[in-house]
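Next comes upload30.cif, a file with mmCIF, C-alpha atoms and all ligand atoms.
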```cif
data_run
loop_
_atom_site.label_atom_id
_atom_site.label_comp_id
_atom_site.auth_asym_id
_atom_site.auth_seq_id
_atom_site.Cartn_x
_atom_site.Cartn_y
_atom_site.Cartn_z
CA MET J 1 114.42 90.72 82.90
CA SER J 2 114.44 89.25 86.38
CA GLY J 3 110.69 88.95 86.82
CA LYS J 4 108.45 91.23 88.83
CA ARG J 5 109.85 93.23 91.67
CA SER J 6 107.95 92.35 94.78
CA GLY J 7 109.32 95.02 97.12
CA GLY J 8 107.25 98.16 97.49
CA ALA J 9 103.79 98.72 96.12
CA LEU J 10 103.35 101.64 93.79
CA ALA J 11 100.64 104.10 94.76
CA LEU J 12 99.45 106.69 92.28
CA ALA J 13 97.66 110.01 92.73
CA TRP J 14 96.60 111.61 89.45
CA THR J 15 94.24 113.95 87.66
CA CYS J 16 92.02 112.30 85.07
CA ALA J 17 92.64 113.74 81.58
CA ALA J 18 89.14 112.77 80.46
CA CYS J 19 87.04 114.42 83.16
CA GLY J 20 89.45 116.46 85.31
CA GLU J 21 88.76 114.48 88.49
CA ALA J 22 91.60 114.59 91.03
CA ASN J 23 92.08 111.00 92.09
CA GLY J 24 93.70 110.51 95.48
CA SER J 25 96.68 108.29 96.13
CA ARG J 26 95.94 104.58 96.06
CA PRO J 27 97.77 101.33 95.34
CA ALA J 28 98.19 101.07 91.60
CA GLY J 29 98.84 97.35 91.03
CA ASP J 30 98.81 97.09 87.25
CA GLY J 31 96.69 100.20 86.87
CA VAL J 32 94.13 102.57 88.35
CA GLU J 33 90.69 103.79 87.35
CA CYS J 34 89.21 107.28 87.62
CA ASP J 35 86.77 107.61 90.53
CA ARG J 36 84.36 109.67 88.47
CA CYS J 37 84.41 108.43 84.87
CA GLY J 38 86.19 105.09 85.11
CA THR J 39 88.94 105.98 82.65
CA ALA J 40 91.69 103.42 83.16
CA VAL J 41 95.41 104.13 83.42
CA ALA J 42 97.66 101.12 82.90
CA VAL J 43 100.83 101.01 84.97
CA GLU J 44 103.22 98.78 83.08
CA GLU J 45 106.82 97.96 83.79
CA PRO J 46 108.39 100.97 81.97
CA HIS J 47 106.10 103.25 83.96
CA ARG J 48 107.10 101.66 87.23
CA GLN J 49 110.67 102.65 86.47
CA PHE J 50 109.57 106.19 85.71
CA ARG J 51 110.72 106.17 82.13
CA ARG J 52 107.37 107.63 81.28
CA CYS J 53 104.43 108.97 83.25
CA ALA J 54 101.70 106.33 83.21
CA VAL J 55 99.02 109.01 83.00
CA CYS J 56 100.25 111.36 80.26
CA SER J 57 103.32 109.56 78.84
CA SER J 58 105.57 112.54 79.51
CA THR J 59 109.16 111.52 80.19
CA ARG J 60 109.94 114.32 82.65
CA LEU J 61 109.45 113.72 86.34
CA TYR J 62 111.03 115.15 89.46
CA ARG J 63 111.68 113.76 92.90
CA GLN J 64 110.65 115.19 96.22
CA ARG J 65 110.31 114.04 99.80
CA ASP J 66 106.85 112.89 100.62
CA PHE J 67 106.91 114.63 103.98
CA ASN J 68 103.55 114.79 105.61
CA ARG J 69 103.39 118.40 106.78
CA PHE J 70 100.32 117.80 108.86
CA LEU J 71 102.06 115.07 110.81
CA GLY J 72 105.07 117.34 111.40
CA LEU J 73 102.81 120.11 112.69
CA ALA J 74 100.93 117.70 114.93
CA VAL J 75 104.18 116.59 116.54
CA VAL J 76 105.24 120.19 117.17
CA ALA J 77 101.81 121.05 118.57
CA ALA J 78 102.00 118.09 120.94
CA GLY J 79 105.41 119.31 122.06
CA ALA J 80 104.05 122.80 122.72
CA VAL J 81 101.16 121.44 124.76
CA LEU J 82 103.56 119.41 126.89
CA VAL J 83 105.87 122.37 127.66
CA PRO J 84 104.39 123.14 131.13
CA PHE J 85 104.78 119.52 132.19
CA THR J 86 108.29 118.96 130.87
CA TYR J 87 109.85 122.32 131.80
CA GLY J 88 110.35 123.10 128.12
CA ILE J 89 112.28 119.94 127.30
CA SER J 90 109.51 118.76 125.00
CA LEU J 91 110.16 121.46 122.40
CA PRO J 92 113.73 120.51 121.43
CA VAL J 93 112.65 116.87 121.62
CA VAL J 94 109.83 117.30 119.14
CA PHE J 95 112.10 119.37 116.93
CA LEU J 96 114.45 116.42 116.84
CA ILE J 97 111.59 114.04 116.09
CA ASP J 98 110.61 116.29 113.20
CA VAL J 99 114.12 116.26 111.78
CA ILE J 100 114.29 112.48 112.07
CA LEU J 101 110.87 112.11 110.48
CA TYR J 102 111.95 114.29 107.59
CA ARG J 103 115.15 112.36 107.02
CA ARG J 104 113.42 109.01 107.06
CA VAL J 105 110.52 109.98 104.95
CA ALA J 106 110.30 108.30 101.57
CA GLU J 107 110.79 110.07 98.30
CA MET J 108 108.22 110.22 95.58
CA ALA J 109 108.27 111.07 91.89
CA VAL J 110 106.01 113.72 90.39
CA CYS J 111 105.21 114.32 86.72
CA TYR J 112 106.02 117.85 85.52
CA LEU J 113 103.23 117.80 82.99
CA CYS J 114 100.20 116.26 84.71
CA ARG J 115 101.43 116.29 88.32
CA ALA J 116 100.70 112.63 88.86
CA GLU J 117 102.37 111.51 92.11
CA TYR J 118 104.13 108.18 92.36
CA ARG J 119 104.71 106.81 95.83
CA GLY J 120 105.77 103.56 97.38
CA ILE J 121 108.69 102.54 95.20
CA GLU J 122 112.26 103.67 95.02
CA VAL J 123 112.85 106.71 92.83
CA PRO J 124 115.72 106.15 90.35
CA LYS J 125 118.79 108.38 90.61
CA ARG J 126 118.30 109.90 87.18
CA ILE J 127 115.06 111.55 88.36
CA LEU J 128 116.25 114.95 89.59
CA PRO J 129 114.81 117.39 92.12
CA PHE J 130 112.31 119.99 90.99
CA ARG J 131 113.59 122.60 88.51
CA HIS J 132 111.57 125.72 88.26
CA HIS J 133 112.43 126.59 84.67
CA LEU J 134 111.31 123.14 83.54
CA ALA J 135 108.05 123.41 85.43
CA ALA J 136 107.27 126.78 83.85
CA GLY J 137 107.54 125.25 80.39
CA TYR J 138 105.11 122.49 81.30
CA GLU J 139 102.65 124.80 82.96
CA LYS J 140 101.08 125.96 79.67
CA ARG J 141 100.83 122.45 78.30
CA ARG J 142 99.17 121.33 81.51
CA GLU J 143 96.60 124.13 81.36
CA ARG J 144 95.78 123.24 77.78
CA ARG J 145 95.27 119.63 78.77
CA LEU J 146 92.91 120.58 81.60
CA GLU J 147 90.97 122.91 79.31
CA GLN J 148 90.46 120.11 76.84
CA ALA J 149 89.35 117.84 79.65
CA GLY J 150 86.85 120.44 80.84
CA ARG J 151 85.35 120.83 77.39
CA ARG J 152 85.05 117.09 77.01
CA SER J 153 83.15 116.67 80.25
CA GLU J 154 80.81 119.60 79.49
CA ARG J 155 79.64 117.84 76.37
CA ARG J 156 78.29 114.97 78.43
ZN ZN Z 1 87.79 110.71 84.88
ZN ZN Z 2 102.12 112.84 83.65
#
```
Would you give me this structure, written as structure tokens?
Amino acid sequence: MSGKRSGGALALAWTCAACGEANGSRPAGDGVECDRCGTAVAVEEPHRQFRRCAVCSSTRLYRQRDFNRFLGLAVVAAGAVLVPFTYGISLPVVFLIDVILYRRVAEMAVCYLCRAEYRGIEVPKRILPFRHHLAAGYEKRRERRLEQAGRRSERR
């Protein structure tokens, strides 16, 4: 082991298995806590390398581009607004900006089972893009998990 990797801070967005709270993306450090119930999720070294999901321990994750659709739309809208002033040049320009944005945007890893989102560190090659047939298999397990979480929080 060559010590801790310093480059890139992992950020984690996840749904709490104990209370069902959807926790937004935030720097994970060594772990995160649920906003609502305080349940802690430890993010240890194996998790940082996506061997397992830190939240549910599932070993299946997929990669996708973390493209901010809102930002893309905002750029296009700005281009449309500027059309009268630029004789239409702004539209192809913003289209180009969009393409460049998309290309440069970082990738993130997502857990098939609990849909936890891992941002901010490089996604290993062995994590493959989304496969629909895999996701369908995990869908039922995920629903069961959420049901259990719901029952648990009702008892409180
Ligand atoms: Zn919680
Ligand atoms: Zn998971």
Interatomic distance (Å, one decimal) between atom CA of J:Val32 and atom CA of J:Leu134: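 It comes out at 27.2 Å.
Proximity ranking of J:Cys19, J:Val75, J:Val123, J:Val41 relative to J:Val99 places J:Val75 first, based on all atoms listed in the file.
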Taking a cut-off of 10 Å and counting all atoms listed in the file, can you build a table that, for each residue of chain J near ligand ZN 2 (chain Z), reports the nearest atom pair and how far apart they are in Å (one decimal), sorted by chain then residue number, as a tab-separated table?
```
residue	atom	partner	partner_atom	distance
J:Trp14	CA	Z:ZN2	ZN	8.1
J:Thr15	CA	Z:ZN2	ZN	8.9
J:Ala17	CA	Z:ZN2	ZN	9.7
J:Arg52	CA	Z:ZN2	ZN	7.8
J:Cys53	CA	Z:ZN2	ZN	4.5
J:Ala54	CA	Z:ZN2	ZN	6.5
J:Val55	CA	Z:ZN2	ZN	5.0
J:Cys56	CA	Z:ZN2	ZN	4.1
J:Ser57	CA	Z:ZN2	ZN	5.9
J:Ser58	CA	Z:ZN2	ZN	5.4
J:Thr59	CA	Z:ZN2	ZN	8.0
J:Arg60	CA	Z:ZN2	ZN	8.0
J:Leu61	CA	Z:ZN2	ZN	7.9
J:Val110	CA	Z:ZN2	ZN	7.8
J:Cys111	CA	Z:ZN2	ZN	4.6
J:Tyr112	CA	Z:ZN2	ZN	6.6
J:Leu113	CA	Z:ZN2	ZN	5.1
J:Cys114	CA	Z:ZN2	ZN	4.1
J:Arg115	CA	Z:ZN2	ZN	5.8
J:Ala116	CA	Z:ZN2	ZN	5.4
J:Glu117	CA	Z:ZN2	ZN	8.6
J:Arg142	CA	Z:ZN2	ZN	9.2
```
All residues within 8 Å of ligand ZN 1 (chain Z) are required, counting all atoms listed in the file; please report them as a VMD selection string. chain J and resid 15 to 21 33 to 39
Between atom CA of J:Tyr118 and atom CA of J:Leu10, distance in Å (one decimal): 6.7 Å
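The residue that comes closest to J:Ala109, out of J:Val93, J:Leu146, J:Ile127, J:Leu71 and on the basis of all atoms listed in the file, is J:Ile127.
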Can you tell me which residues surround J:Gly31 at a distance of at most 9 Å, considering all atoms listed in the file, apart from same-chain residues fewer than 2 positions away, and format the answer as a PDB file with C-alpha atoms, keeping the file's coordinate frame?
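This is the output file around_33.pdb:
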```pdb
ATOM      1  CA  LEU J  12      99.450 106.690  92.280  1.00  0.00           C
ATOM      2  CA  PRO J  27      97.770 101.330  95.340  1.00  0.00           C
ATOM      3  CA  ALA J  28      98.190 101.070  91.600  1.00  0.00           C
ATOM      4  CA  GLY J  29      98.840  97.350  91.030  1.00  0.00           C
ATOM      5  CA  GLU J  33      90.690 103.790  87.350  1.00  0.00           C
ATOM      6  CA  ALA J  40      91.690 103.420  83.160  1.00  0.00           C
ATOM      7  CA  VAL J  41      95.410 104.130  83.420  1.00  0.00           C
ATOM      8  CA  ALA J  42      97.660 101.120  82.900  1.00  0.00           C
ATOM      9  CA  VAL J  43     100.830 101.010  84.970  1.00  0.00           C
ATOM     10  CA  GLU J  44     103.220  98.780  83.080  1.00  0.00           C
ATOM     11  CA  ALA J  54     101.700 106.330  83.210  1.00  0.00           C
TER      12      ALA J  54
END
```
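Our summary of the geometry notes that atom CA of J:Glu122 is positioned 24.4 Å from atom CA of J:Tyr138.
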Show me, as a short mmCIF file (atom, residue, chain, number, x, y, z; two decimals) with C-alpha atoms, keeping the file's coordinate frame, the residues that have an atom within 10 Å of J:Leu101 when counting all atoms listed in the file, minus same-chain residues fewer than 4 positions from it.
```cif
data_model
loop_
_atom_site.label_atom_id
_atom_site.label_comp_id
_atom_site.auth_asym_id
_atom_site.auth_seq_id
_atom_site.Cartn_x
_atom_site.Cartn_y
_atom_site.Cartn_z
CA PHE J 67 106.91 114.63 103.98
CA ASN J 68 103.55 114.79 105.61
CA LEU J 71 102.06 115.07 110.81
CA GLY J 72 105.07 117.34 111.40
CA PHE J 95 112.10 119.37 116.93
CA LEU J 96 114.45 116.42 116.84
CA ILE J 97 111.59 114.04 116.09
CA VAL J 105 110.52 109.98 104.95
CA ALA J 106 110.30 108.30 101.57
#
```
